[in-house]
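Colleague: I'm passing along model-v6.pdb; it holds PDB, C-alpha atoms and all ligand atoms.
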MODEL        1
ATOM      1  CA  MET A   1     -25.567 -12.910 -11.357
ATOM      2  CA  PRO A   2     -22.413 -11.145 -12.651
ATOM      3  CA  LEU A   3     -20.487  -8.930 -10.246
ATOM      4  CA  GLN A   4     -21.909  -5.393  -9.938
ATOM      5  CA  LEU A   5     -19.007  -2.961 -10.416
ATOM      6  CA  ARG A   6     -19.006   0.843 -10.241
ATOM      7  CA  LYS A   7     -15.879   2.746 -11.270
ATOM      8  CA  LEU A   8     -14.346   4.864  -8.515
ATOM      9  CA  SER A   9     -12.347   7.229 -10.710
ATOM     10  CA  HIS A  10     -11.088   7.643 -14.235
ATOM     11  CA  ALA A  11      -7.615   6.460 -13.213
ATOM     12  CA  LEU A  12      -8.305   3.328 -11.205
ATOM     13  CA  GLY A  13     -10.556   1.515  -8.799
ATOM     14  CA  ALA A  14     -14.002  -0.014  -8.741
ATOM     15  CA  GLN A  15     -16.562  -0.571  -6.032
ATOM     16  CA  VAL A  16     -17.958  -4.073  -5.814
ATOM     17  CA  CYS A  17     -21.646  -3.616  -5.010
ATOM     18  CA  ASP A  18     -24.072  -6.154  -3.575
ATOM     19  CA  ILE A  19     -21.494  -8.436  -1.999
ATOM     20  CA  ASP A  20     -21.605  -9.601   1.597
ATOM     21  CA  LEU A  21     -18.190 -10.903   2.585
ATOM     22  CA  LYS A  22     -19.748 -12.710   5.568
ATOM     23  CA  ALA A  23     -21.522 -15.053   3.158
ATOM     24  CA  PRO A  24     -19.581 -17.914   1.523
ATOM     25  CA  LEU A  25     -18.066 -16.918  -1.830
ATOM     26  CA  THR A  26     -18.098 -19.509  -4.593
ATOM     27  CA  GLU A  27     -14.946 -20.112  -6.633
ATOM     28  CA  SER A  28     -16.646 -18.531  -9.617
ATOM     29  CA  THR A  29     -17.620 -15.337  -7.737
ATOM     30  CA  PHE A  30     -14.122 -15.088  -6.307
ATOM     31  CA  GLY A  31     -12.744 -15.587  -9.824
ATOM     32  CA  GLU A  32     -14.754 -12.543 -10.967
ATOM     33  CA  ILE A  33     -13.532 -10.522  -7.981
ATOM     34  CA  TYR A  34      -9.944 -11.475  -8.777
ATOM     35  CA  GLN A  35     -10.343 -10.507 -12.430
ATOM     36  CA  ALA A  36     -11.817  -7.137 -11.364
ATOM     37  CA  PHE A  37      -8.832  -6.671  -9.015
ATOM     38  CA  LEU A  38      -6.453  -7.174 -11.972
ATOM     39  CA  ASP A  39      -8.537  -4.908 -14.224
ATOM     40  CA  HIS A  40      -9.040  -1.992 -11.800
ATOM     41  CA  GLY A  41      -5.986  -2.080  -9.468
ATOM     42  CA  ILE A  42      -8.092  -1.438  -6.389
ATOM     43  CA  LEU A  43     -11.497  -2.717  -5.265
ATOM     44  CA  LEU A  44     -13.747  -1.224  -2.611
ATOM     45  CA  PHE A  45     -16.284  -3.243  -0.582
ATOM     46  CA  ARG A  46     -18.542  -1.050   1.589
ATOM     47  CA  ASP A  47     -20.432  -1.922   4.805
ATOM     48  CA  GLN A  48     -18.552  -5.128   5.527
ATOM     49  CA  CYS A  49     -19.073  -5.795   9.244
ATOM     50  CA  ILE A  50     -16.810  -8.819   9.227
ATOM     51  CA  SER A  51     -14.683 -10.203  12.050
ATOM     52  CA  ARG A  52     -10.880 -10.302  12.053
ATOM     53  CA  GLU A  53     -11.010 -14.011  11.272
ATOM     54  CA  GLU A  54     -13.243 -13.308   8.257
ATOM     55  CA  HIS A  55     -10.951 -10.503   7.088
ATOM     56  CA  ILE A  56      -8.016 -12.932   7.218
ATOM     57  CA  ALA A  57      -9.953 -15.742   5.513
ATOM     58  CA  PHE A  58     -11.069 -13.477   2.643
ATOM     59  CA  SER A  59      -7.512 -12.162   2.247
ATOM     60  CA  ARG A  60      -6.145 -15.713   1.975
ATOM     61  CA  ARG A  61      -8.195 -16.186  -1.192
ATOM     62  CA  PHE A  62      -5.713 -13.757  -2.836
ATOM     63  CA  GLY A  63      -2.654 -15.721  -1.691
ATOM     64  CA  PRO A  64      -0.472 -16.564   1.326
ATOM     65  CA  LEU A  65      -0.333 -13.802   3.926
ATOM     66  CA  ASP A  66       2.720 -12.068   5.306
ATOM     67  CA  GLN A  67       3.198 -12.397   9.083
ATOM     68  CA  HIS A  68       4.670  -8.886   9.248
ATOM     69  CA  ASP A  69       8.104  -9.912  10.514
ATOM     70  CA  SER A  70       9.480  -6.779   8.849
ATOM     71  CA  LEU A  71       7.166  -4.579  10.992
ATOM     72  CA  PRO A  72       6.779  -6.569  14.261
ATOM     73  CA  GLN A  73       5.966  -3.517  16.380
ATOM     74  CA  ASP A  74       2.756  -2.892  14.393
ATOM     75  CA  ARG A  75       1.421  -6.460  14.382
ATOM     76  CA  HIS A  76      -1.925  -7.146  16.014
ATOM     77  CA  PRO A  77      -1.076  -8.885  19.319
ATOM     78  CA  ASP A  78      -3.401 -11.834  18.593
ATOM     79  CA  PHE A  79      -3.313 -11.996  14.786
ATOM     80  CA  PRO A  80       0.146 -11.723  13.158
ATOM     81  CA  GLU A  81      -1.579 -11.559   9.756
ATOM     82  CA  LEU A  82      -3.030  -8.168  10.735
ATOM     83  CA  LEU A  83      -1.036  -4.968  10.751
ATOM     84  CA  LEU A  84      -2.418  -2.161  12.894
ATOM     85  CA  VAL A  85      -2.748   1.294  11.364
ATOM     86  CA  THR A  86      -4.089   3.202  14.323
ATOM     87  CA  ASN A  87      -3.747   6.330  16.388
ATOM     88  CA  GLU A  88      -5.341   4.643  19.423
ATOM     89  CA  PRO A  89      -2.840   4.951  22.296
ATOM     90  CA  HIS A  90      -1.387   1.804  23.918
ATOM     91  CA  ALA A  91      -2.979   0.548  27.173
ATOM     92  CA  ASP A  92      -0.301   2.446  29.191
ATOM     93  CA  GLY A  93      -1.280   5.716  27.479
ATOM     94  CA  SER A  94       1.791   5.907  25.215
ATOM     95  CA  ALA A  95       1.312   6.918  21.593
ATOM     96  CA  SER A  96       0.648   4.250  18.994
ATOM     97  CA  ASN A  97       3.638   3.206  16.868
ATOM     98  CA  SER A  98       1.547   3.120  13.743
ATOM     99  CA  ARG A  99      -0.186   6.491  13.953
ATOM    100  CA  TYR A 100       1.837   7.792  10.991
ATOM    101  CA  THR A 101       1.949   4.567   8.971
ATOM    102  CA  GLY A 102       1.697   5.089   5.237
ATOM    103  CA  ARG A 103       2.153   8.868   5.255
ATOM    104  CA  GLN A 104       4.523   8.629   2.260
ATOM    105  CA  TRP A 105       3.768   7.436  -1.237
ATOM    106  CA  HIS A 106       4.741   3.775  -1.230
ATOM    107  CA  SER A 107       3.954   0.252  -2.330
ATOM    108  CA  ASP A 108       3.738  -2.183   0.598
ATOM    109  CA  LEU A 109       6.920  -3.976   1.622
ATOM    110  CA  SER A 110       8.939  -2.534  -1.282
ATOM    111  CA  PHE A 111      11.776  -2.328   1.276
ATOM    112  CA  THR A 112      11.910  -6.137   1.602
ATOM    113  CA  PRO A 113      13.124  -8.852  -0.791
ATOM    114  CA  ILE A 114       9.519 -10.130  -1.117
ATOM    115  CA  PRO A 115       7.372  -7.065  -1.778
ATOM    116  CA  SER A 116       3.672  -7.552  -1.307
ATOM    117  CA  MET A 117       1.414  -8.441  -4.249
ATOM    118  CA  GLY A 118      -1.678  -6.957  -2.625
ATOM    119  CA  SER A 119      -3.088  -5.598   0.626
ATOM    120  CA  LEU A 120      -6.565  -5.602   2.172
ATOM    121  CA  LEU A 121      -7.224  -2.684   4.514
ATOM    122  CA  LYS A 122     -10.367  -2.634   6.671
ATOM    123  CA  SER A 123     -11.539   0.513   8.430
ATOM    124  CA  TRP A 124     -12.930   0.019  11.943
ATOM    125  CA  ILE A 125     -13.067   3.597  13.225
ATOM    126  CA  VAL A 126     -12.704   6.701  11.057
ATOM    127  CA  PRO A 127     -12.614  10.400  11.928
ATOM    128  CA  GLU A 128     -15.619  12.586  11.264
ATOM    129  CA  VAL A 129     -13.924  14.031   8.169
ATOM    130  CA  GLY A 130     -10.614  13.322   6.462
ATOM    131  CA  GLY A 131      -8.077  10.573   7.086
ATOM    132  CA  ASP A 132      -8.315   9.856   3.366
ATOM    133  CA  THR A 133      -6.006   7.612   1.336
ATOM    134  CA  LEU A 134      -4.667   8.383  -2.139
ATOM    135  CA  PHE A 135      -3.989   5.628  -4.677
ATOM    136  CA  ALA A 136      -1.974   6.107  -7.890
ATOM    137  CA  ASN A 137      -2.087   3.968 -11.023
ATOM    138  CA  MET A 138       1.573   3.245 -11.794
ATOM    139  CA  THR A 139       0.791   1.455 -15.067
ATOM    140  CA  LEU A 140      -0.894   4.534 -16.515
ATOM    141  CA  ALA A 141       1.919   6.684 -15.159
ATOM    142  CA  TYR A 142       4.520   4.506 -16.890
ATOM    143  CA  GLU A 143       2.596   4.401 -20.160
ATOM    144  CA  ALA A 144       2.250   8.212 -20.198
ATOM    145  CA  LEU A 145       6.047   8.684 -20.201
ATOM    146  CA  SER A 146       7.814   9.395 -23.474
ATOM    147  CA  LEU A 147       9.586   6.493 -25.159
ATOM    148  CA  GLY A 148      12.900   8.214 -24.410
ATOM    149  CA  MET A 149      12.153   8.377 -20.680
ATOM    150  CA  GLN A 150      10.890   4.783 -20.652
ATOM    151  CA  GLN A 151      14.171   3.661 -22.226
ATOM    152  CA  LEU A 152      16.236   5.808 -19.851
ATOM    153  CA  ILE A 153      14.689   4.341 -16.699
ATOM    154  CA  SER A 154      14.251   0.734 -17.809
ATOM    155  CA  PRO A 155      17.707  -0.499 -16.657
ATOM    156  CA  LEU A 156      17.620   1.406 -13.344
ATOM    157  CA  HIS A 157      17.209  -0.027  -9.851
ATOM    158  CA  ALA A 158      16.112   2.227  -6.992
ATOM    159  CA  ILE A 159      17.138   1.725  -3.376
ATOM    160  CA  HIS A 160      14.141   1.482  -1.032
ATOM    161  CA  LEU A 161      14.526   2.139   2.696
ATOM    162  CA  SER A 162      12.144   1.121   5.467
ATOM    163  CA  GLY A 163      10.814   3.597   8.016
ATOM    164  CA  THR A 164       8.711   6.646   7.675
ATOM    165  CA  ARG A 165      10.836   9.726   7.296
ATOM    166  CA  LYS A 166       7.966  12.010   8.273
ATOM    167  CA  ILE A 167       8.010  10.740  11.882
ATOM    168  CA  ASN A 168      11.752  10.885  12.375
ATOM    169  CA  HIS A 169      11.578  14.304  13.981
ATOM    170  CA  THR A 170      10.494  12.714  17.289
ATOM    171  CA  ALA A 171      12.833  10.684  19.505
ATOM    172  CA  SER A 172      10.491   7.650  19.494
ATOM    173  CA  GLY A 173      10.132   7.958  15.728
ATOM    174  CA  GLU A 174      13.912   7.893  15.353
ATOM    175  CA  VAL A 175      14.220   4.772  17.550
ATOM    176  CA  ARG A 176      11.499   3.032  15.565
ATOM    177  CA  ALA A 177      13.081   3.971  12.239
ATOM    178  CA  GLU A 178      16.440   2.662  13.470
ATOM    179  CA  GLN A 179      14.872  -0.676  14.553
ATOM    180  CA  GLN A 180      13.169  -0.995  11.188
ATOM    181  CA  ARG A 181      16.385  -0.247   9.319
ATOM    182  CA  ARG A 182      18.209  -2.978  11.302
ATOM    183  CA  LEU A 183      15.506  -5.505  10.402
ATOM    184  CA  ASN A 184      15.294  -4.391   6.775
ATOM    185  CA  PRO A 185      18.547  -3.620   4.994
ATOM    186  CA  PRO A 186      18.284  -1.374   1.909
ATOM    187  CA  ILE A 187      16.900  -3.147  -1.163
ATOM    188  CA  ALA A 188      17.380  -2.173  -4.793
ATOM    189  CA  GLN A 189      14.170  -2.738  -6.773
ATOM    190  CA  PRO A 190      13.660  -2.342 -10.519
ATOM    191  CA  VAL A 191      12.219   1.072 -11.371
ATOM    192  CA  VAL A 192      10.020  -0.569 -13.998
ATOM    193  CA  ARG A 193       8.311  -3.812 -13.008
ATOM    194  CA  ILE A 194       6.416  -6.141 -15.289
ATOM    195  CA  HIS A 195       3.168  -7.245 -13.726
ATOM    196  CA  PRO A 196       3.413 -11.056 -13.531
ATOM    197  CA  GLU A 197      -0.290 -11.551 -14.354
ATOM    198  CA  THR A 198      -1.228  -8.770 -16.768
ATOM    199  CA  GLY A 199       2.213  -8.472 -18.416
ATOM    200  CA  ARG A 200       1.915  -4.665 -18.289
ATOM    201  CA  LYS A 201       4.842  -2.486 -17.234
ATOM    202  CA  ALA A 202       4.467  -0.172 -14.234
ATOM    203  CA  LEU A 203       6.643   2.375 -12.463
ATOM    204  CA  TYR A 204       7.888   1.124  -9.092
ATOM    205  CA  LEU A 205       9.063   4.067  -6.996
ATOM    206  CA  GLY A 206       7.649   6.175  -4.161
ATOM    207  CA  GLU A 207       8.980   8.215  -1.272
ATOM    208  CA  LYS A 208      10.853   5.347   0.387
ATOM    209  CA  VAL A 209      13.352   5.532  -2.464
ATOM    210  CA  ARG A 210      16.659   7.117  -1.530
ATOM    211  CA  ARG A 211      18.636   6.954  -4.775
ATOM    212  CA  PHE A 212      19.293   4.855  -7.849
ATOM    213  CA  ASP A 213      21.801   2.028  -7.419
ATOM    214  CA  GLN A 214      25.239   2.960  -8.852
ATOM    215  CA  MET A 215      24.362   6.662  -8.575
ATOM    216  CA  THR A 216      24.672   9.217  -5.767
ATOM    217  CA  ALA A 217      21.655  10.690  -3.997
ATOM    218  CA  PRO A 218      22.183  14.196  -5.471
ATOM    219  CA  GLU A 219      22.436  12.686  -8.961
ATOM    220  CA  SER A 220      19.317  10.578  -8.453
ATOM    221  CA  GLN A 221      17.037  12.987  -6.615
ATOM    222  CA  PRO A 222      15.875  15.183  -9.505
ATOM    223  CA  LEU A 223      14.729  12.175 -11.552
ATOM    224  CA  ILE A 224      13.151  10.438  -8.546
ATOM    225  CA  ASP A 225      11.265  13.642  -7.710
ATOM    226  CA  TYR A 226      10.175  14.077 -11.307
ATOM    227  CA  LEU A 227       8.879  10.496 -11.581
ATOM    228  CA  ASN A 228       7.075  10.606  -8.226
ATOM    229  CA  ARG A 229       5.461  13.950  -9.131
ATOM    230  CA  HIS A 230       4.497  12.604 -12.547
ATOM    231  CA  ALA A 231       2.994   9.393 -11.105
ATOM    232  CA  THR A 232       0.886  11.269  -8.563
ATOM    233  CA  ARG A 233      -0.664  13.746 -10.979
ATOM    234  CA  PRO A 234      -4.433  13.996 -10.392
ATOM    235  CA  GLU A 235      -5.242  12.098 -13.586
ATOM    236  CA  PHE A 236      -3.502   8.988 -12.231
ATOM    237  CA  VAL A 237      -4.966   9.186  -8.711
ATOM    238  CA  TYR A 238      -8.073   8.130  -6.782
ATOM    239  CA  ARG A 239      -8.765   9.676  -3.362
ATOM    240  CA  HIS A 240     -10.652   7.429  -0.968
ATOM    241  CA  GLN A 241     -12.853   8.872   1.771
ATOM    242  CA  TRP A 242     -13.233   6.115   4.315
ATOM    243  CA  GLN A 243     -16.449   5.025   5.969
ATOM    244  CA  ALA A 244     -16.370   2.569   8.866
ATOM    245  CA  HIS A 245     -16.344  -1.055   7.635
ATOM    246  CA  ASP A 246     -14.927  -0.362   4.216
ATOM    247  CA  ILE A 247     -12.489  -2.908   2.857
ATOM    248  CA  ILE A 248     -10.134  -1.936   0.091
ATOM    249  CA  VAL A 249      -7.905  -4.414  -1.686
ATOM    250  CA  TRP A 250      -5.152  -2.955  -3.850
ATOM    251  CA  ASP A 251      -2.560  -4.400  -6.177
ATOM    252  CA  ASN A 252       0.875  -3.350  -4.916
ATOM    253  CA  ARG A 253       2.479  -4.404  -8.207
ATOM    254  CA  CYS A 254       0.866  -1.592 -10.194
ATOM    255  CA  THR A 255      -0.338   0.999  -7.666
ATOM    256  CA  MET A 256       1.118   3.025  -4.818
ATOM    257  CA  HIS A 257      -0.719   4.782  -2.016
ATOM    258  CA  GLN A 258      -0.391   7.383   0.694
ATOM    259  CA  ALA A 259      -2.367   7.980   3.906
ATOM    260  CA  LEU A 260      -3.164  11.663   4.393
ATOM    261  CA  GLY A 261      -2.960  13.391   7.739
ATOM    262  CA  ASP A 262      -5.932  15.573   6.783
ATOM    263  CA  PHE A 263      -7.919  15.037   9.972
ATOM    264  CA  ASP A 264      -8.277  16.072  13.583
ATOM    265  CA  GLU A 265      -5.764  13.784  15.292
ATOM    266  CA  THR A 266      -7.662  13.937  18.595
ATOM    267  CA  GLN A 267     -10.248  11.798  16.811
ATOM    268  CA  ARG A 268      -9.733   8.059  16.377
ATOM    269  CA  ARG A 269      -8.649   6.441  13.108
ATOM    270  CA  HIS A 270      -8.223   2.668  13.362
ATOM    271  CA  LEU A 271      -7.666   0.386  10.392
ATOM    272  CA  GLU A 272      -6.218  -3.115  10.050
ATOM    273  CA  ARG A 273      -4.415  -4.535   7.060
ATOM    274  CA  THR A 274      -3.551  -7.951   5.758
ATOM    275  CA  THR A 275      -0.625  -8.128   3.341
ATOM    276  CA  VAL A 276      -0.590 -10.762   0.614
ATOM    277  CA  MET A 277       2.886 -12.059  -0.178
ATOM    278  CA  GLY A 278       4.365 -11.417  -3.584
ATOM    279  CA  THR A 279       7.316 -12.946  -5.383
ATOM    280  CA  PRO A 280      11.013 -12.222  -4.713
ATOM    281  CA  SER A 281      12.243  -9.003  -6.302
ATOM    282  CA  GLY A 282      15.354  -6.846  -6.100
ATOM    283  CA  TYR A 283      18.624  -7.354  -4.243
ATOM    284  CA  VAL A 284      20.111  -6.280  -0.928
ATOM    285  CA  VAL A 285      22.510  -3.339  -1.044
ATOM    286  CA  ALA A 286      25.502  -3.420   1.313
ATOM    287  CA  SER A 287      24.755  -0.209   3.233
ATOM    288  CA  GLU A 288      23.254   3.202   2.853
TER     289      GLU A 288
HETATM  290  C1  LIG B 301      -1.057   1.713   4.601
HETATM  291  O1  LIG B 301      -0.171   2.311   4.009
HETATM  292  O2  LIG B 301      -1.132   0.491   4.612
HETATM  293  C2  LIG B 301      -2.092   2.496   5.384
HETATM  294  C3  LIG B 301      -2.868   3.431   4.528
HETATM  295  C4  LIG B 301      -3.843   4.230   5.317
HETATM  296  O3  LIG B 301      -3.796   4.272   6.550
HETATM  297  O4  LIG B 301      -4.698   4.870   4.722
ENDMDL
END
Can the structure from this file be put into structure tokens for me?
Ligand code: SIN
Modeller:
Amino acid sequence: MPLQLRKLSHALGAQVCDIDLKAPLTESTFGEIYQAFLDHGILLFRDQCISREEHIAFSRRFGPLDQHDSLPQDRHPDFPELLLVTNEPHADGSASNSRYTGRQWHSDLSFTPIPSMGSLLKSWIVPEVGGDTLFANMTLAYEALSLGMQQLISPLHAIHLSGTRKINHTASGEVRAEQQRRLNPPIAQPVVRIHPETGRKALYLGEKVRRFDQMTAPESQPLIDYLNRHATRPEFVYRHQWQAHDIIVWDNRCTMHQALGDFDETQRRHLERTTVMGTPSGYVVASE
């Protein structure tokens, strides 16, 4: 039977209905899933009560998995292929490192020389309301720009920095950001990337971008702000309201995403992500 798909929004995304990821997936069914992933940018699978091992095994069908060496403090202690995105405190009562993960618009691992091709995020515990995630279609955003703007930005590289600026106001956040910056020197990435499988061009920016290479931050900022605002206009965005045991896979080469802090932080939000490795991109910049 062909895959049952239901569109999630006008801009991007589809829900794959009637699939149980605990059951073995034939090559041909996975081929359809992969094609839907390329066509829709993100796929949602609901009610998937799968184990961590099954999450990892399904993710490997998309490609080799990152071991999260660029974010060691957020790795699952027993499964390096899983990155924790959780506000559950550590056993000693201290706050989780990853409670603010993803609170900026970004594409995963854009701050490394091998940005991710895709990510699979599974929700284990979600707050009563909120804790949503926004996804933006960067192909549509690029295609909606005028020809003049497309030509202007096509030779540019943007410098991506690791760390989450929104947590830097706390002392522990500053220490964490500093550790991440030591592990991950600034990387210049093309502002327009060509998707290696679909051949379509997409904007590649986000809020981890500091400036354009060969330009100062004050010179770069107005255009970066304009492009980020443009790309995250409602017509390019899908907002996901999580239920426990959702799995979302997204294509980091043509989408970006942002976790919203729109929930009661005394309630638990615990998700785990695998990160599929992409191909080398960009170049290291001496210092920032
Ligand atoms: C992420 O950026 O990988 C996490 C997104 C989320 O927590 O919704």
Colleague: Can you sort out the box for ligand LIG 301 (chain B), edges along x, y and z, all listed atoms in, 5 Å on every side, with centre and edge lengths in Å to one decimal, as AutoDock Vina command-line options?
Modeller:
--center_x -2.4 --center_y 2.7 --center_z 5.3 --size_x 14.5 --size_y 14.4 --size_z 12.5
Colleague: Ranking A:Pro89, A:Gly206, A:Pro222, A:Pro2 by minimum distance to A:Phe135 and counting all atoms listed in the file, which one comes first?
Modeller: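 Smallest separation from A:Phe135 among the options: A:Gly206.
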Colleague: Within 9 Å of A:Ser59, counting all atoms listed in the file, which residues show up once you throw out same-chain ones fewer than 6 positions away? Write them as a compact mmCIF listing (two decimals) with C-alpha atoms, in the frame of the given file, please.
Modeller:
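The resulting file, around-v3.txt, is shown below:
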# COMPACT_ATOMS: atom_id res chain seq x y z
CA LEU A 65 -0.33 -13.80 3.93
CA SER A 119 -3.09 -5.60 0.63
CA LEU A 120 -6.56 -5.60 2.17
CA VAL A 249 -7.90 -4.41 -1.69
CA THR A 274 -3.55 -7.95 5.76
CA THR A 275 -0.62 -8.13 3.34
CA VAL A 276 -0.59 -10.76 0.61
Colleague: Under the PyMOL selection byres (((chain A and resi 111) around 12) and not hetatm), which residues of this model are included? Write them out as a VMD selection string.
Modeller: chain A and resid 70 to 71 106 to 110 112 to 116 158 to 164 180 to 190 204 to 210 280 to 285
Colleague: From the set A:Leu8, A:Cys49, A:Leu82, A:Ala231, which residue has the shortest atom-to-atom contact distance to ligand LIG 301 (chain B), counting only C-alpha atoms and all ligand atoms?
Modeller: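 Nearest to ligand LIG 301 (chain B): A:Leu82.
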Colleague: Could you make a table, as CSV, of the residues of chain A that have an atom within 9 Å of an atom of ligand LIG 301 (chain B), each with its nearest atom pair and distance in Å to one decimal, counting all atoms listed in the file, in chain and number order?
Modeller:
residue,atom,partner,partner_atom,distance
A:Leu83,CA,B:LIG301,O2,8.2
A:Leu84,CA,B:LIG301,O2,8.8
A:Val85,CA,B:LIG301,O3,5.8
A:Thr86,CA,B:LIG301,O3,7.9
A:Arg99,CA,B:LIG301,O3,8.5
A:Tyr100,CA,B:LIG301,O3,8.0
A:Thr101,CA,B:LIG301,C2,5.8
A:Gly102,CA,B:LIG301,O1,3.6
A:Arg103,CA,B:LIG301,O1,7.1
A:Gln104,CA,B:LIG301,O1,8.1
A:Trp105,CA,B:LIG301,O1,8.3
A:His106,CA,B:LIG301,O1,7.3
A:Ser107,CA,B:LIG301,O1,7.8
A:Asp108,CA,B:LIG301,O2,6.9
A:Ser119,CA,B:LIG301,O2,7.5
A:Leu120,CA,B:LIG301,O2,8.5
A:Leu121,CA,B:LIG301,O2,6.9
A:Ser123,CA,B:LIG301,O3,8.8
A:Gly131,CA,B:LIG301,O4,7.0
A:Asp132,CA,B:LIG301,O4,6.3
A:Thr133,CA,B:LIG301,O4,4.5
A:Leu134,CA,B:LIG301,O4,7.7
A:His240,CA,B:LIG301,O4,8.6
A:Trp242,CA,B:LIG301,O4,8.6
A:Met256,CA,B:LIG301,O1,8.9
A:His257,CA,B:LIG301,O1,6.5
A:Gln258,CA,B:LIG301,C3,6.0
A:Ala259,CA,B:LIG301,O4,4.0
A:Leu260,CA,B:LIG301,O4,7.0
A:Arg269,CA,B:LIG301,O3,8.4
A:His270,CA,B:LIG301,O3,8.3
A:Leu271,CA,B:LIG301,O3,6.7
A:Glu272,CA,B:LIG301,O2,8.3
A:Arg273,CA,B:LIG301,O2,6.5
A:Thr274,CA,B:LIG301,O2,8.9
A:Thr275,CA,B:LIG301,O2,8.7
Colleague: For atom CA of A:Glu197 and atom CA of A:Arg253, determine how far apart the two atoms are, in Å to one decimal place.
Modeller: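 If I compute the distance from atom CA of A:Glu197 to atom CA of A:Arg253, I get 9.8 Å.
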Colleague: Take the PyMOL selection byres (((chain A and resi 255) around 6) and not hetatm), run it mentally on this structure, and tell me the resulting residues as a ChimeraX atom specification.
Modeller: /A:136-138,252,254,256
Colleague: With C-alpha atoms kept, could you save the residues just selected as a PDB file, in the coordinates of the input?
Modeller:
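The result, stored in selection-v9.pdb:
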ATOM      1  CA  ALA A 136      -1.974   6.107  -7.890  1.00  0.00           C
ATOM      2  CA  ASN A 137      -2.087   3.968 -11.023  1.00  0.00           C
ATOM      3  CA  MET A 138       1.573   3.245 -11.794  1.00  0.00           C
ATOM      4  CA  ASN A 252       0.875  -3.350  -4.916  1.00  0.00           C
ATOM      5  CA  CYS A 254       0.866  -1.592 -10.194  1.00  0.00           C
ATOM      6  CA  MET A 256       1.118   3.025  -4.818  1.00  0.00           C
TER       7      MET A 256
END
Colleague: With distances taken over only C-alpha atoms, which residue among A:Val192, A:Gly41, A:Asn97, A:Ile56 lies nearest A:Gln73?
Modeller: A:Asn97
Colleague: Using only C-alpha atoms, determine which residues lie at most 9 Å from A:Gln221, disregarding the query and same-chain residues fewer than 4 positions distant; provide the list as a PyMOL selection string.
Modeller: chain A and resi 210-212+216-217+225-226
Colleague: What is the atom CA of A:Gly93 to atom CA of A:Gln243 distance in Å?
Modeller: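 One can read the atom CA of A:Gly93 to atom CA of A:Gln243 distance as 26.3 Å.
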